[in-house]
>>> print(open('run-v8.pdb').read())   # PDB, C-alpha atoms and all ligand atoms
MODEL        1
ATOM      1  CA  MET A 927      15.663   3.601   8.181
ATOM      2  CA  LYS A 928      14.855   5.963   5.370
ATOM      3  CA  ASN A 929      11.975   5.299   3.002
ATOM      4  CA  ILE A 930      12.301   7.164  -0.270
ATOM      5  CA  VAL A 931       9.876   7.111  -3.184
ATOM      6  CA  ILE A 932      11.459   7.820  -6.558
ATOM      7  CA  PHE A 933       8.748   9.128  -8.818
ATOM      8  CA  GLY A 934       8.399   9.954 -12.493
ATOM      9  CA  ALA A 935       6.831   9.045 -15.807
ATOM     10  CA  PRO A 936       7.798   5.904 -17.743
ATOM     11  CA  GLY A 937      11.322   6.461 -19.025
ATOM     12  CA  SER A 938      12.048   9.260 -16.562
ATOM     13  CA  GLY A 939      15.103   7.386 -15.286
ATOM     14  CA  LYS A 940      13.821   6.002 -11.997
ATOM     15  CA  GLY A 941      15.724   2.732 -12.385
ATOM     16  CA  THR A 942      18.988   4.342 -13.490
ATOM     17  CA  GLN A 943      18.952   6.922 -10.709
ATOM     18  CA  SER A 944      17.900   4.328  -8.107
ATOM     19  CA  ASP A 945      20.924   2.188  -8.996
ATOM     20  CA  LEU A 946      23.239   5.173  -8.479
ATOM     21  CA  LEU A 947      21.622   5.989  -5.127
ATOM     22  CA  VAL A 948      21.872   2.359  -4.026
ATOM     23  CA  LYS A 949      25.583   2.399  -4.854
ATOM     24  CA  HIS A 950      26.138   5.638  -2.962
ATOM     25  CA  TYR A 951      24.039   5.032   0.160
ATOM     26  CA  GLY A 952      23.721   1.241   0.359
ATOM     27  CA  PHE A 953      19.927   1.433   0.274
ATOM     28  CA  ASP A 954      17.717  -1.516  -0.606
ATOM     29  CA  HIS A 955      15.760  -1.066  -3.847
ATOM     30  CA  ILE A 956      12.274  -2.243  -4.764
ATOM     31  CA  SER A 957      11.481  -1.873  -8.461
ATOM     32  CA  THR A 958       7.961  -3.157  -9.018
ATOM     33  CA  GLY A 959       8.640  -3.279 -12.775
ATOM     34  CA  ASP A 960      11.653  -5.548 -12.158
ATOM     35  CA  VAL A 961       9.664  -7.738  -9.742
ATOM     36  CA  LEU A 962       6.929  -8.207 -12.346
ATOM     37  CA  ARG A 963       9.393  -8.854 -15.187
ATOM     38  CA  ALA A 964      11.082 -11.553 -13.083
ATOM     39  CA  GLU A 965       7.689 -13.214 -12.527
ATOM     40  CA  ILE A 966       7.020 -13.077 -16.283
ATOM     41  CA  LYS A 967      10.433 -14.573 -17.022
ATOM     42  CA  ASN A 968       9.759 -17.435 -14.605
ATOM     43  CA  ASP A 969       6.317 -17.924 -16.154
ATOM     44  CA  THR A 970       4.526 -17.899 -12.775
ATOM     45  CA  ASP A 971       0.766 -17.398 -12.374
ATOM     46  CA  LEU A 972       1.448 -13.846 -11.265
ATOM     47  CA  GLY A 973       3.749 -13.333 -14.246
ATOM     48  CA  ARG A 974       1.097 -14.466 -16.689
ATOM     49  CA  THR A 975      -1.473 -12.135 -15.123
ATOM     50  CA  ALA A 976       0.967  -9.215 -15.099
ATOM     51  CA  LYS A 977       2.057  -9.742 -18.708
ATOM     52  CA  ALA A 978      -1.442  -9.154 -20.041
ATOM     53  CA  TYR A 979      -1.582  -5.730 -18.383
ATOM     54  CA  ILE A 980       2.001  -4.691 -19.095
ATOM     55  CA  ASP A 981       1.924  -5.606 -22.792
ATOM     56  CA  ASN A 982      -1.185  -3.479 -23.097
ATOM     57  CA  GLY A 983       0.387  -0.463 -21.347
ATOM     58  CA  GLN A 984      -1.984  -0.807 -18.375
ATOM     59  CA  LEU A 985      -1.296  -0.862 -14.658
ATOM     60  CA  ILE A 986      -1.614  -4.063 -12.646
ATOM     61  CA  PRO A 987      -4.735  -3.781 -10.402
ATOM     62  CA  ASP A 988      -4.056  -2.016  -7.095
ATOM     63  CA  GLY A 989      -5.075  -4.868  -4.789
ATOM     64  CA  LEU A 990      -2.673  -7.298  -6.405
ATOM     65  CA  MET A 991       0.133  -4.738  -6.635
ATOM     66  CA  ILE A 992      -0.207  -3.729  -2.975
ATOM     67  CA  ASP A 993       0.111  -7.370  -1.854
ATOM     68  CA  ILE A 994       3.208  -7.827  -4.024
ATOM     69  CA  LEU A 995       4.764  -4.656  -2.630
ATOM     70  CA  ALA A 996       4.187  -5.640   0.997
ATOM     71  CA  ALA A 997       5.660  -9.107   0.464
ATOM     72  CA  THR A 998       8.693  -7.654  -1.333
ATOM     73  CA  TYR A 999       9.230  -5.034   1.356
ATOM     74  CA  ASP A1000       9.019  -7.552   4.197
ATOM     75  CA  ALA A1001      11.604  -9.782   2.502
ATOM     76  CA  LEU A1002      14.237  -7.007   2.219
ATOM     77  CA  PRO A1003      17.335  -7.024   4.431
ATOM     78  CA  LYS A1004      16.500  -3.352   5.212
ATOM     79  CA  GLN A1005      19.848  -1.758   5.804
ATOM     80  CA  SER A1006      20.067   2.022   5.815
ATOM     81  CA  GLY A1007      16.953   2.661   3.783
ATOM     82  CA  VAL A1008      14.632   1.577   0.992
ATOM     83  CA  ILE A1009      14.004   3.141  -2.409
ATOM     84  CA  PHE A1010      10.541   2.529  -3.820
ATOM     85  CA  ASP A1011      10.806   2.658  -7.629
ATOM     86  CA  GLY A1012       7.602   2.296  -9.624
ATOM     87  CA  PHE A1013       5.372   2.253  -6.555
ATOM     88  CA  PRO A1014       3.083   3.997  -5.777
ATOM     89  CA  ARG A1015       1.559   4.632  -9.206
ATOM     90  CA  THR A1016      -1.982   5.460  -8.060
ATOM     91  CA  ILE A1017      -3.497   7.299  -5.113
ATOM     92  CA  PRO A1018      -4.854   4.063  -3.548
ATOM     93  CA  GLN A1019      -1.300   2.656  -3.757
ATOM     94  CA  ALA A1020       0.091   5.763  -2.021
ATOM     95  CA  GLU A1021      -2.498   5.426   0.735
ATOM     96  CA  ALA A1022      -1.731   1.714   1.078
ATOM     97  CA  LEU A1023       2.002   2.428   1.309
ATOM     98  CA  LYS A1024       1.388   5.001   4.024
ATOM     99  CA  THR A1025      -0.706   2.512   6.020
ATOM    100  CA  MET A1026       1.691  -0.360   5.420
ATOM    101  CA  LEU A1027       4.667   1.640   6.684
ATOM    102  CA  ALA A1028       2.689   3.054   9.622
ATOM    103  CA  THR A1029       1.797  -0.454  10.819
ATOM    104  CA  ARG A1030       5.531  -1.201  10.683
ATOM    105  CA  GLY A1031       6.347   1.900  12.734
ATOM    106  CA  THR A1032       7.768   3.960   9.898
ATOM    107  CA  ALA A1033       6.768   6.272   7.028
ATOM    108  CA  VAL A1034       7.774   7.687   3.656
ATOM    109  CA  HIS A1035      10.392  10.358   4.335
ATOM    110  CA  ALA A1036      10.700  11.848   0.853
ATOM    111  CA  MET A1037       9.259  11.655  -2.637
ATOM    112  CA  LEU A1038      11.876  12.492  -5.274
ATOM    113  CA  GLU A1039      10.275  13.498  -8.557
ATOM    114  CA  LEU A1040      12.148  13.320 -11.874
ATOM    115  CA  ASP A1041      10.747  15.902 -14.280
ATOM    116  CA  VAL A1042      11.142  15.066 -17.971
ATOM    117  CA  PRO A1043       9.059  16.446 -20.872
ATOM    118  CA  ASP A1044       6.837  13.941 -22.730
ATOM    119  CA  GLU A1045       8.670  14.293 -26.079
ATOM    120  CA  MET A1046      11.896  13.292 -24.360
ATOM    121  CA  LEU A1047      10.235  10.338 -22.617
ATOM    122  CA  THR A1048       8.903   8.968 -25.897
ATOM    123  CA  GLU A1049      12.302   9.293 -27.544
ATOM    124  CA  ARG A1050      14.069   7.593 -24.622
ATOM    125  CA  LEU A1051      11.604   4.700 -24.517
ATOM    126  CA  ILE A1052      11.733   4.138 -28.287
ATOM    127  CA  ASN A1053      15.528   4.028 -28.054
ATOM    128  CA  ARG A1054      15.416   1.752 -25.011
ATOM    129  CA  GLY A1055      13.116  -0.592 -26.925
ATOM    130  CA  LYS A1056      15.834  -1.188 -29.506
ATOM    131  CA  VAL A1057      18.111  -2.713 -26.851
ATOM    132  CA  SER A1058      15.897  -3.695 -23.892
ATOM    133  CA  GLY A1059      13.809  -6.261 -25.715
ATOM    134  CA  ARG A1060      10.938  -5.068 -23.487
ATOM    135  CA  ALA A1061       7.634  -5.850 -25.157
ATOM    136  CA  ASP A1062       6.147  -2.625 -23.747
ATOM    137  CA  ASP A1063       8.826  -0.355 -25.271
ATOM    138  CA  ASN A1064       7.130   0.063 -28.658
ATOM    139  CA  ALA A1065       5.490   3.230 -30.004
ATOM    140  CA  GLU A1066       1.893   2.117 -29.479
ATOM    141  CA  THR A1067       2.360   0.833 -25.920
ATOM    142  CA  ILE A1068       4.552   3.802 -24.976
ATOM    143  CA  ALA A1069       1.750   6.200 -25.934
ATOM    144  CA  LYS A1070      -0.687   4.205 -23.782
ATOM    145  CA  ARG A1071       1.733   4.147 -20.832
ATOM    146  CA  LEU A1072       2.193   7.913 -20.994
ATOM    147  CA  ALA A1073      -1.573   8.424 -21.112
ATOM    148  CA  VAL A1074      -1.995   6.102 -18.106
ATOM    149  CA  TYR A1075       0.753   8.031 -16.323
ATOM    150  CA  HIS A1076      -0.997  11.359 -16.865
ATOM    151  CA  THR A1077      -4.410  10.149 -15.722
ATOM    152  CA  GLN A1078      -3.584   7.708 -12.906
ATOM    153  CA  THR A1079      -0.084   8.493 -11.640
ATOM    154  CA  GLN A1080       0.456  12.223 -12.068
ATOM    155  CA  PRO A1081      -2.204  13.086  -9.424
ATOM    156  CA  LEU A1082       0.280  11.712  -6.888
ATOM    157  CA  ILE A1083       2.359  14.874  -7.364
ATOM    158  CA  ASP A1084      -0.302  16.937  -5.586
ATOM    159  CA  TRP A1085      -0.896  14.120  -3.096
ATOM    160  CA  TYR A1086       2.759  14.083  -1.998
ATOM    161  CA  GLU A1087       2.922  17.886  -2.120
ATOM    162  CA  ALA A1088       0.049  17.951   0.383
ATOM    163  CA  GLU A1089       1.957  15.475   2.564
ATOM    164  CA  GLY A1090       4.900  17.889   2.525
ATOM    165  CA  LEU A1091       7.127  15.201   1.011
ATOM    166  CA  ARG A1092       7.556  16.243  -2.614
ATOM    167  CA  HIS A1093      10.964  17.257  -3.993
ATOM    168  CA  ALA A1094      11.174  17.800  -7.758
ATOM    169  CA  VAL A1095      14.427  17.745  -9.727
ATOM    170  CA  LYS A1096      15.201  18.200 -13.422
ATOM    171  CA  GLY A1097      15.333  14.680 -14.880
ATOM    172  CA  TYR A1098      17.399  15.403 -18.014
ATOM    173  CA  GLY A1099      20.949  16.465 -18.697
ATOM    174  CA  ALA A1100      23.980  14.539 -17.406
ATOM    175  CA  LEU A1101      23.156  11.452 -15.300
ATOM    176  CA  ASP A1102      25.648  12.545 -12.642
ATOM    177  CA  ASP A1103      24.115  16.013 -12.401
ATOM    178  CA  ILE A1104      20.655  14.513 -11.907
ATOM    179  CA  ASN A1105      22.032  12.167  -9.282
ATOM    180  CA  ALA A1106      23.841  15.011  -7.513
ATOM    181  CA  ALA A1107      20.542  16.908  -7.329
ATOM    182  CA  LEU A1108      18.820  13.855  -5.799
ATOM    183  CA  ARG A1109      21.637  13.352  -3.299
ATOM    184  CA  ALA A1110      21.456  17.020  -2.325
ATOM    185  CA  VAL A1111      17.778  16.535  -1.436
ATOM    186  CA  ILE A1112      18.483  13.362   0.531
ATOM    187  CA  ASP A1113      21.469  14.823   2.382
ATOM    188  CA  ASN A1114      19.423  17.859   3.253
ATOM    189  CA  ILE A1115      16.585  15.795   4.760
ATOM    190  CA  PHE A1116      18.568  13.270   6.788
TER
HETATM  191  P1  LIG B   1      11.025   3.621 -15.783
HETATM  192  O1  LIG B   1      11.554   3.609 -17.182
HETATM  193  O2  LIG B   1      11.044   5.036 -15.189
HETATM  194  O3  LIG B   1      11.670   2.619 -14.906
HETATM  195  P2  LIG B   1       8.699   2.126 -16.675
HETATM  196  O4  LIG B   1       7.468   2.728 -17.256
HETATM  197  O5  LIG B   1       9.612   1.437 -17.580
HETATM  198  O6  LIG B   1       9.457   3.248 -15.857
HETATM  199  P3  LIG B   1       8.374  -0.058 -14.802
HETATM  200  O7  LIG B   1       8.435   0.494 -13.426
HETATM  201  O8  LIG B   1       9.516  -0.825 -15.309
HETATM  202  O9  LIG B   1       8.030   1.168 -15.720
HETATM  203  O10 LIG B   1       7.008  -0.913 -14.916
HETATM  204  C1  LIG B   1       6.638  -1.569 -16.121
HETATM  205  C2  LIG B   1       5.162  -1.942 -16.071
HETATM  206  O11 LIG B   1       4.874  -2.751 -14.905
HETATM  207  C3  LIG B   1       4.185  -0.758 -15.961
HETATM  208  O12 LIG B   1       3.898  -0.179 -17.206
HETATM  209  C4  LIG B   1       2.961  -1.454 -15.321
HETATM  210  O13 LIG B   1       2.204  -2.163 -16.252
HETATM  211  C5  LIG B   1       3.584  -2.453 -14.368
HETATM  212  N1  LIG B   1       3.745  -1.872 -13.018
HETATM  213  C6  LIG B   1       4.926  -1.570 -12.403
HETATM  214  N2  LIG B   1       4.703  -1.011 -11.196
HETATM  215  C7  LIG B   1       3.359  -0.961 -11.039
HETATM  216  C8  LIG B   1       2.495  -0.468 -10.022
HETATM  217  N3  LIG B   1       2.973   0.103  -8.906
HETATM  218  N4  LIG B   1       1.162  -0.575 -10.193
HETATM  219  C9  LIG B   1       0.664  -1.125 -11.295
HETATM  220  N5  LIG B   1       1.402  -1.592 -12.304
HETATM  221  C10 LIG B   1       2.738  -1.517 -12.192
HETATM  222 MG    MG B   2      12.139   0.960 -14.379
ENDMDL
END
>>> encode(input="run-v8.pdb", output="structure tokens")
Amino acid sequence: MKNIVIFGAPGSGKGTQSDLLVKHYGFDHISTGDVLRAEIKNDTDLGRTAKAYIDNGQLIPDGLMIDILAATYDALPKQSGVIFDGFPRTIPQAEALKTMLATRGTAVHAMLELDVPDEMLTERLINRGKVSGRADDNAETIAKRLAVYHTQTQPLIDWYEAEGLRHAVKGYGALDDINAALRAVIDNIF
């Protein structure tokens, strides 16, 4: 059972690349963004709480997010591996993931980082907003999300580097080339 964290800024292509990896390897996929958007769509208590943060470009508080992640993980069929997409986004979340997997007799085996310059991220998210209908894909919220990424999420790069788990790939160019680079990392580890 492989546990892979796909990491990157908002709009870096985590979801797109995760889907391609799922197709290729048959991994399970946890996208915390998708989990939260489903809760919002179903108008649950959790969805209403999450919406207030997401629409404002903020992160959902760690304690809540960690509980959601654990419940989602435990409900997976868990075939050949799991891709964590959108989690962890803070150092406490990374520590919680490490503990959660350790208590289940496993660990994160790789962190795959998608590197994309900020100007490109903004352009991608603005364009996505025209078709996604996502309330957080507007210029003002995008700027907030990128700022939150740089202050709260980017420190995880050094954290995973120190764990010896970080693998960075260029996150722009042809989708297939990016995916080939990710697969090369995975095939080299396992
Ligand atoms: P990408 O385009 O690379 O998939 P994204 O910025 O669109 O990235 P999602 O993963 O779809 O982001 O998440 C959307 C929002 O959900 C985040 O901006 C945040 O408010 C909330 N969220 C998702 N995952 C987490 C998390 N691990 N901790 C806190 N909040 C989260
Ligand atoms: Mg996503």
>>> residues_around(input="run-v8.pdb", residues="stretch 1046-1048 of chain A", least_positions_apart="3", cutoff="9 Å", atoms="only C-alpha atoms", output="PyMOL selection string")
chain A and resi 935-938+1042-1043+1051-1053+1065+1068-1069+1072+1098
>>> write_last_selection(input="run-v8.pdb", atoms="C-alpha atoms", output="mmCIF file, keeping the file's coordinate frame")
data_model
loop_
_atom_site.group_PDB
_atom_site.id
_atom_site.type_symbol
_atom_site.label_atom_id
_atom_site.label_comp_id
_atom_site.auth_asym_id
_atom_site.auth_seq_id
_atom_site.Cartn_x
_atom_site.Cartn_y
_atom_site.Cartn_z
ATOM 1 C CA ALA A 935 6.831 9.045 -15.807
ATOM 2 C CA PRO A 936 7.798 5.904 -17.743
ATOM 3 C CA GLY A 937 11.322 6.461 -19.025
ATOM 4 C CA SER A 938 12.048 9.260 -16.562
ATOM 5 C CA VAL A 1042 11.142 15.066 -17.971
ATOM 6 C CA PRO A 1043 9.059 16.446 -20.872
ATOM 7 C CA LEU A 1051 11.604 4.700 -24.517
ATOM 8 C CA ILE A 1052 11.733 4.138 -28.287
ATOM 9 C CA ASN A 1053 15.528 4.028 -28.054
ATOM 10 C CA ALA A 1065 5.490 3.230 -30.004
ATOM 11 C CA ILE A 1068 4.552 3.802 -24.976
ATOM 12 C CA ALA A 1069 1.750 6.200 -25.934
ATOM 13 C CA LEU A 1072 2.193 7.913 -20.994
ATOM 14 C CA TYR A 1098 17.399 15.403 -18.014
#
>>> residues_near_ligand(input="run-v8.pdb", ligand="ligand MG 2 (chain B)", cutoff="12 Å", atoms="all atoms listed in the file", output="PyMOL selection string")
chain A and resi 932-945+955-963+1010-1013+1051+1054+1058+1060+1062-1063
>>> atom_distance(input="run-v8.pdb", atom1="atom CA of A:Met1037", atom2="atom CA of A:Val931")
4.6 Å
>>> resolve_selection(input="run-v8.pdb", expression="the PyMOL selection byres (((chain A and resi 1076-1083) around 9) and not hetatm)", output="JSON, numbers by chain")
{"A": [933, 934, 935, 1014, 1015, 1016, 1017, 1020, 1037, 1039, 1071, 1072, 1073, 1074, 1075, 1084, 1085, 1086, 1087, 1088, 1092]}
>>> atom_distance(input="run-v8.pdb", atom1="atom CA of A:Asn1105", atom2="atom CA of A:Leu1002")
23.7 Å
>>> atom_distance(input="run-v8.pdb", atom1="atom CA of A:Val1095", atom2="atom CA of A:Arg1050")
18.0 Å
>>> resolve_selection(input="run-v8.pdb", expression="the PyMOL selection byres (((chain A and resi 973) around 12) and not hetatm)", output="list in words")
Gly959, Asp960, Val961, Leu962, Arg963, Ala964, Glu965, Ile966, Lys967, Asn968, Asp969, Thr970, Asp971, Leu972, Arg974, Thr975, Ala976, Lys977, Ala978, Tyr979, Ile980, Asp981, Ile986, Leu990 and Ile994 of chain A
>>> residues_around(input="run-v8.pdb", residues="A:Met927", least_positions_apart="6", cutoff="12 Å", atoms="all atoms listed in the file", output="VMD selection string")
chain A and resid 951 to 954 1003 to 1009 1027 1030 to 1035 1116
>>> axis_aligned_box(input="run-v8.pdb", around="stretch 1074-1077 of chain A", padding_each_side="3 Å", output="AutoDock Vina command-line options")
--center_x -1.8 --center_y 8.7 --center_z -16.9 --size_x 11.2 --size_y 11.3 --size_z 8.4
>>> closest_residue(input="run-v8.pdb", among="A:His950, A:Lys1024, A:Leu1040, A:Ala1001", to="ligand LIG 1 (chain B)", atoms="only C-alpha atoms and all ligand atoms")
A:Leu1040
>>> resolve_selection(input="run-v8.pdb", expression="the PyMOL selection byres (((chain A and resi 1111) around 10) and not hetatm)", output="list in words")
Ala1036, Met1037, Leu1038, His1093, Ala1094, Val1095, Asn1105, Ala1106, Ala1107, Leu1108, Arg1109, Ala1110, Ile1112, Asp1113, Asn1114, Ile1115 and Phe1116 of chain A
>>> closest_residue(input="run-v8.pdb", among="A:Ile992, A:Asp1044, A:Asn929, A:Leu985", to="A:Ala1022", atoms="all atoms listed in the file")
A:Ile992
>>> closest_residue(input="run-v8.pdb", among="A:Ala997, A:Glu1021, A:Lys1070, A:Asp1103", to="ligand LIG 1 (chain B)", atoms="all atoms listed in the file")
A:Lys1070
>>> closest_residue(input="run-v8.pdb", among="A:Thr1025, A:Leu946, A:Gln1019, A:Asp1041", to="ligand LIG 1 (chain B)", atoms="only C-alpha atoms and all ligand atoms")
A:Gln1019
>>> closest_residue(input="run-v8.pdb", among="A:Lys928, A:Met1026, A:Gly1097, A:Leu947", to="ligand LIG 1 (chain B)", atoms="only C-alpha atoms and all ligand atoms")
A:Gly1097
>>> closest_residue(input="run-v8.pdb", among="A:Ala996, A:Met991, A:Ile1104, A:Ala1028", to="ligand LIG 1 (chain B)", atoms="only C-alpha atoms and all ligand atoms")
A:Met991
>>> build_atoms(input="run-v8.pdb", residues="stretch 988-998 of chain A", atoms="all heavy atoms", output="CSV table (one decimal), in the coordinates of the input")
chain,number,residue,atom,x,y,z
A,988,ASP,N,-4.6,-2.5,-8.4
A,988,ASP,CA,-4.1,-2.0,-7.1
A,988,ASP,C,-4.0,-3.1,-6.0
A,988,ASP,O,-2.9,-3.2,-5.4
A,988,ASP,CB,-4.9,-0.8,-6.5
A,988,ASP,CG,-4.6,0.5,-7.3
A,988,ASP,OD1,-3.5,0.6,-7.9
A,988,ASP,OD2,-5.5,1.3,-7.3
A,989,GLY,N,-5.1,-3.9,-5.9
A,989,GLY,CA,-5.1,-4.9,-4.8
A,989,GLY,C,-3.9,-5.9,-4.9
A,989,GLY,O,-3.2,-6.2,-3.9
A,990,LEU,N,-3.7,-6.3,-6.1
A,990,LEU,CA,-2.7,-7.3,-6.4
A,990,LEU,C,-1.3,-6.7,-6.2
A,990,LEU,O,-0.4,-7.2,-5.5
A,990,LEU,CB,-2.8,-7.8,-7.9
A,990,LEU,CG,-1.8,-8.8,-8.4
A,990,LEU,CD1,-1.8,-10.0,-7.5
A,990,LEU,CD2,-2.1,-9.2,-9.8
A,991,MET,N,-1.2,-5.4,-6.7
A,991,MET,CA,0.1,-4.7,-6.6
A,991,MET,C,0.5,-4.4,-5.2
A,991,MET,O,1.7,-4.5,-4.8
A,991,MET,CB,0.0,-3.4,-7.4
A,991,MET,CG,1.3,-2.9,-8.0
A,991,MET,SD,2.0,-4.1,-9.1
A,991,MET,CE,3.7,-4.1,-8.4
A,992,ILE,N,-0.5,-4.1,-4.4
A,992,ILE,CA,-0.2,-3.7,-3.0
A,992,ILE,C,0.3,-5.0,-2.2
A,992,ILE,O,1.2,-4.9,-1.4
A,992,ILE,CB,-1.5,-3.1,-2.4
A,992,ILE,CG1,-1.7,-1.7,-3.0
A,992,ILE,CG2,-1.4,-3.1,-0.8
A,992,ILE,CD1,-3.1,-1.1,-2.8
A,993,ASP,N,-0.3,-6.1,-2.5
A,993,ASP,CA,0.1,-7.4,-1.9
A,993,ASP,C,1.6,-7.7,-2.3
A,993,ASP,O,2.4,-8.1,-1.4
A,993,ASP,CB,-0.8,-8.5,-2.3
A,993,ASP,CG,-2.2,-8.4,-1.6
A,993,ASP,OD1,-2.3,-7.6,-0.7
A,993,ASP,OD2,-3.1,-9.2,-2.0
A,994,ILE,N,1.9,-7.5,-3.5
A,994,ILE,CA,3.2,-7.8,-4.0
A,994,ILE,C,4.2,-6.9,-3.3
A,994,ILE,O,5.3,-7.3,-2.9
A,994,ILE,CB,3.3,-7.6,-5.6
A,994,ILE,CG1,2.4,-8.6,-6.3
A,994,ILE,CG2,4.7,-7.7,-6.0
A,994,ILE,CD1,2.2,-8.3,-7.8
A,995,LEU,N,3.9,-5.6,-3.2
A,995,LEU,CA,4.8,-4.7,-2.6
A,995,LEU,C,5.1,-5.0,-1.2
A,995,LEU,O,6.2,-5.0,-0.7
A,995,LEU,CB,4.1,-3.3,-2.8
A,995,LEU,CG,4.9,-2.0,-2.5
A,995,LEU,CD1,4.9,-1.6,-1.0
A,995,LEU,CD2,6.3,-2.1,-3.0
A,996,ALA,N,4.0,-5.3,-0.4
A,996,ALA,CA,4.2,-5.6,1.0
A,996,ALA,C,5.1,-6.9,1.2
A,996,ALA,O,6.0,-6.9,2.0
A,996,ALA,CB,2.8,-5.8,1.7
A,997,ALA,N,4.8,-7.9,0.4
A,997,ALA,CA,5.7,-9.1,0.5
A,997,ALA,C,7.1,-8.8,0.1
A,997,ALA,O,8.0,-9.3,0.8
A,997,ALA,CB,5.1,-10.2,-0.5
A,998,THR,N,7.3,-8.0,-0.9
A,998,THR,CA,8.7,-7.7,-1.3
A,998,THR,C,9.4,-6.8,-0.2
A,998,THR,O,10.5,-7.1,0.1
A,998,THR,CB,8.7,-6.9,-2.7
A,998,THR,OG1,7.9,-7.6,-3.6
A,998,THR,CG2,10.1,-6.6,-3.2
